[in-house]
Amino acid sequence: MARQVSTSMSMRHLQRVAGDGKWLQITAPMHSRVSVTLAGVTATVHGQVQASRLPSGSLSPAMRKIARPSGVIGRQLQTGVPQIVDRLNVPAGSPAALQFAGPAQLPKGMVAFDDVSPDFQVKSMTAVSVGSAQGWKVETAVVATPPVAAPPAPPHGPVAAAALIDWKKNPNIPEILTSNVANLSPPIVFPENAGALQAMKANFKTAAQSINTRLNTVPPAPPDPPPLGGQPALAPVRALLLAKLNPADTIRVRLGVRIPLNPGPDPLQPVEAGPKYPQAMWAPLAQLSPEWMLPGISNVEVDCATLLAANPKFIEAYMIGLNEELSRELLWREFPADRSVTYFQSFWTAAAQDIGPIKTFAPNGALGTHVASAAGGALFVLLIRANLFQRYPNAIVYAVRAKWVSAVRQLADGDPNNIKYPVFRGEIGAGVTFFGFNLGDDDPQGSKDPAAGKPGWYFVIAEHVTEPRVGLEPEKSATPTGLWNDLSWQEVAVKPNYIDVSTAPPTPSGESVAWSENSAALAYILVRRPVRVALHALALLGEKA
């Protein structure tokens, strides 16, 4: 409120003042507290005025009073002619210049003691200071009182005697005057020699002429100071000072040293008061009904994966409905909350906000355009219905950009920039898991033509490398790789409760570790390497029509 009131008063009164000189007179009380930069020099406005040709007295309240338009001087000024302060800032020689009488210059033949030596300041020698100086107090006079029966003293006899200062014994006499050190020049002794006497006369004449020349020299006129701000116009100074007096800044600075301010774009905006719910709000929706979260989810087959696109229109409508209903409930229960607060802003994850404050929505914006994921690109959701994540809860899921190699799509996972990790993850029931990916503006299906340079994206499910599994493959591989990792239960001798290590299967061609060479070799053979499965978006969505 202080900012708004101050801004209104500044616009209605201060900014409408006609005349830059008059404006400076009005703002003179704050010139010593506002610093501006004029002609490369940074100082207070008061300091800038002191260094300019503009007399500081011209901005005083007394001058403003006598120079007002209806005053004695103001009535003499012509309408439309720059006022006194404006004309005082104009350099001499201009038709509009107005000169003022500065300090009175000493007339020819007079010399001020203060100009002789800066160490000898006559203005400091007052009666009080001289009288209290050590060594210069006259002793108290002693009055002789005659006896009562004595006859009156003769007319010419002294009735009282004042003690004189004893320059040798008085302790108040300065030491320099009582010592034997010569502090005064010796008395003048005129020479008896005619030549020496003539030289003395010549020296005296030269000294007298120098004194006479000094006394008859007119003191030089002081240089003409520069205009305020280096230019005759006062408008630039007014503009700088007006910017410094902006209530949007002054009120904020004054309050900022006393109370914490809002960190938002408007520091003086009151902090929003109301509850906040950072939880991901898709979960309550799925608890009410999985079909509301994903229509047709019951028709998704088991051990199936598919790719879905997020619906920003539905998300925005759902989030606005949540905030509207809670706002009505708080109002009904008379809860002291700001109804403009957006209580729910996260749909997919608590780590990010899917919608901004509803009060900042564009009034004519289309539904769905205020969702953050929609502004940052298309959001795709990988949906998997299987018990895979119940058995492997730490499996890693990510997206990898594909690349063309001899007209065949392959994983381009050599570059970290080609990998996208999920921005959120969720579960619906016990068998449905979904992962959200923000792929920007890329089409995950890509193009069939390698020349188009759009191979699309793979979605990868990888076994965690820190969770090794010991065992063998259930069936013999039809395409062996020549490694122990292909070994199946069909290729080893099995006794009722364990593997018969005495019967060695053939060593694969690509391995150098032999069967039952030692316990470490057997552990190396039986540990299965981590597995990952890569599914291209075409495998999840099918070919484009």
# chains A, B, ... in the order shown; residues from 1 in each chain; ligands from 1
>>> select_by_dssp(residues="range 248-412 of chain A", states="strand (DSSP E)", output="ChimeraX atom specification")
/A:304-309,379-385,396-405,408-411
>>> residues_around(residues="range 269-283 of chain A", least_positions_apart="5", cutoff="10 Å", atoms="only C-alpha atoms", output="PyMOL selection string")
chain A and resi 261-264+288-290+292-293+315+318-319+322+326-327+330+335-354+424+426-428
>>> residues_around(residues="Gly542 in chain A", least_positions_apart="2", cutoff="12 Å", atoms="only C-alpha atoms", output="PDB file with C-alpha atoms, in the first residue's frame")
ATOM      1  CA  ALA A 305       4.556 -53.179 -23.261  1.00  0.00           C
ATOM      2  CA  THR A 306       3.205 -50.187 -25.109  1.00  0.00           C
ATOM      3  CA  LEU A 307       3.897 -46.498 -25.541  1.00  0.00           C
ATOM      4  CA  PRO A 444       9.989 -41.890 -31.027  1.00  0.00           C
ATOM      5  CA  GLN A 445       8.939 -43.914 -34.101  1.00  0.00           C
ATOM      6  CA  GLY A 446      11.235 -41.989 -36.412  1.00  0.00           C
ATOM      7  CA  LEU A 535      12.361 -52.214 -27.727  1.00  0.00           C
ATOM      8  CA  HIS A 536      12.065 -49.692 -30.534  1.00  0.00           C
ATOM      9  CA  ALA A 537       9.009 -47.449 -30.571  1.00  0.00           C
ATOM     10  CA  LEU A 538       7.966 -49.188 -33.792  1.00  0.00           C
ATOM     11  CA  ALA A 539       7.783 -52.460 -31.853  1.00  0.00           C
ATOM     12  CA  LEU A 540       5.587 -50.786 -29.238  1.00  0.00           C
ATOM     13  CA  LYS A 544       2.779 -45.696 -39.095  1.00  0.00           C
ATOM     14  CA  ALA A 545      -0.277 -45.731 -41.296  1.00  0.00           C
TER      15      ALA A 545
END
>>> closest_residue(among="A:Ala451, A:Leu439, A:Leu54, A:Ala96", to="Asn417 in chain A", atoms="only C-alpha atoms")
A:Leu439
>>> closest_residue(among="A:Val381, A:Val400, A:Leu285, A:Ala521", to="Ala534 in chain A", atoms="only C-alpha atoms")
A:Val400
>>> residues_around(residues="Ala309 in chain A", least_positions_apart="2", cutoff="10 Å", atoms="only C-alpha atoms", output="list of chain:residue names")
A:Leu307, A:Asn311, A:Pro312, A:Ala378, A:Leu379, A:Phe380, A:Val381, A:Leu382, A:Gly436, A:Phe437
>>> write_last_selection(atoms="N, CA, C and O atoms", output="PDB file, in the first residue's frame")
ATOM      1  N   LEU A 307       3.483 -47.895 -25.708  1.00  0.00           N
ATOM      2  CA  LEU A 307       3.897 -46.498 -25.541  1.00  0.00           C
ATOM      3  C   LEU A 307       2.675 -45.611 -25.649  1.00  0.00           C
ATOM      4  O   LEU A 307       1.877 -45.750 -26.595  1.00  0.00           O
ATOM      5  N   ASN A 311      -1.871 -36.657 -22.041  1.00  0.00           N
ATOM      6  CA  ASN A 311      -2.956 -35.794 -22.503  1.00  0.00           C
ATOM      7  C   ASN A 311      -2.936 -34.509 -21.675  1.00  0.00           C
ATOM      8  O   ASN A 311      -3.471 -34.459 -20.567  1.00  0.00           O
ATOM      9  N   PRO A 312      -2.280 -33.429 -22.173  1.00  0.00           N
ATOM     10  CA  PRO A 312      -2.180 -32.202 -21.361  1.00  0.00           C
ATOM     11  C   PRO A 312      -3.531 -31.552 -21.084  1.00  0.00           C
ATOM     12  O   PRO A 312      -3.703 -30.912 -20.050  1.00  0.00           O
ATOM     13  N   ALA A 378       6.798 -33.055 -26.212  1.00  0.00           N
ATOM     14  CA  ALA A 378       5.840 -34.143 -26.033  1.00  0.00           C
ATOM     15  C   ALA A 378       6.298 -35.070 -24.911  1.00  0.00           C
ATOM     16  O   ALA A 378       7.491 -35.354 -24.767  1.00  0.00           O
ATOM     17  N   LEU A 379       5.360 -35.531 -24.117  1.00  0.00           N
ATOM     18  CA  LEU A 379       5.642 -36.433 -23.014  1.00  0.00           C
ATOM     19  C   LEU A 379       5.106 -37.807 -23.382  1.00  0.00           C
ATOM     20  O   LEU A 379       3.911 -37.966 -23.669  1.00  0.00           O
ATOM     21  N   PHE A 380       5.989 -38.831 -23.382  1.00  0.00           N
ATOM     22  CA  PHE A 380       5.593 -40.198 -23.717  1.00  0.00           C
ATOM     23  C   PHE A 380       5.735 -41.067 -22.482  1.00  0.00           C
ATOM     24  O   PHE A 380       6.651 -40.880 -21.660  1.00  0.00           O
ATOM     25  N   VAL A 381       4.819 -42.015 -22.345  1.00  0.00           N
ATOM     26  CA  VAL A 381       4.767 -42.892 -21.179  1.00  0.00           C
ATOM     27  C   VAL A 381       4.912 -44.329 -21.655  1.00  0.00           C
ATOM     28  O   VAL A 381       4.144 -44.802 -22.508  1.00  0.00           O
ATOM     29  N   LEU A 382       5.946 -45.014 -21.137  1.00  0.00           N
ATOM     30  CA  LEU A 382       6.156 -46.433 -21.417  1.00  0.00           C
ATOM     31  C   LEU A 382       5.375 -47.231 -20.391  1.00  0.00           C
ATOM     32  O   LEU A 382       5.646 -47.146 -19.186  1.00  0.00           O
ATOM     33  N   GLY A 436       7.701 -42.177 -17.439  1.00  0.00           N
ATOM     34  CA  GLY A 436       7.503 -41.004 -18.286  1.00  0.00           C
ATOM     35  C   GLY A 436       8.818 -40.496 -18.849  1.00  0.00           C
ATOM     36  O   GLY A 436       9.815 -40.382 -18.129  1.00  0.00           O
ATOM     37  N   PHE A 437       8.836 -40.183 -20.146  1.00  0.00           N
ATOM     38  CA  PHE A 437      10.021 -39.672 -20.829  1.00  0.00           C
ATOM     39  C   PHE A 437       9.674 -38.390 -21.563  1.00  0.00           C
ATOM     40  O   PHE A 437       8.651 -38.332 -22.272  1.00  0.00           O
TER      41      PHE A 437
END
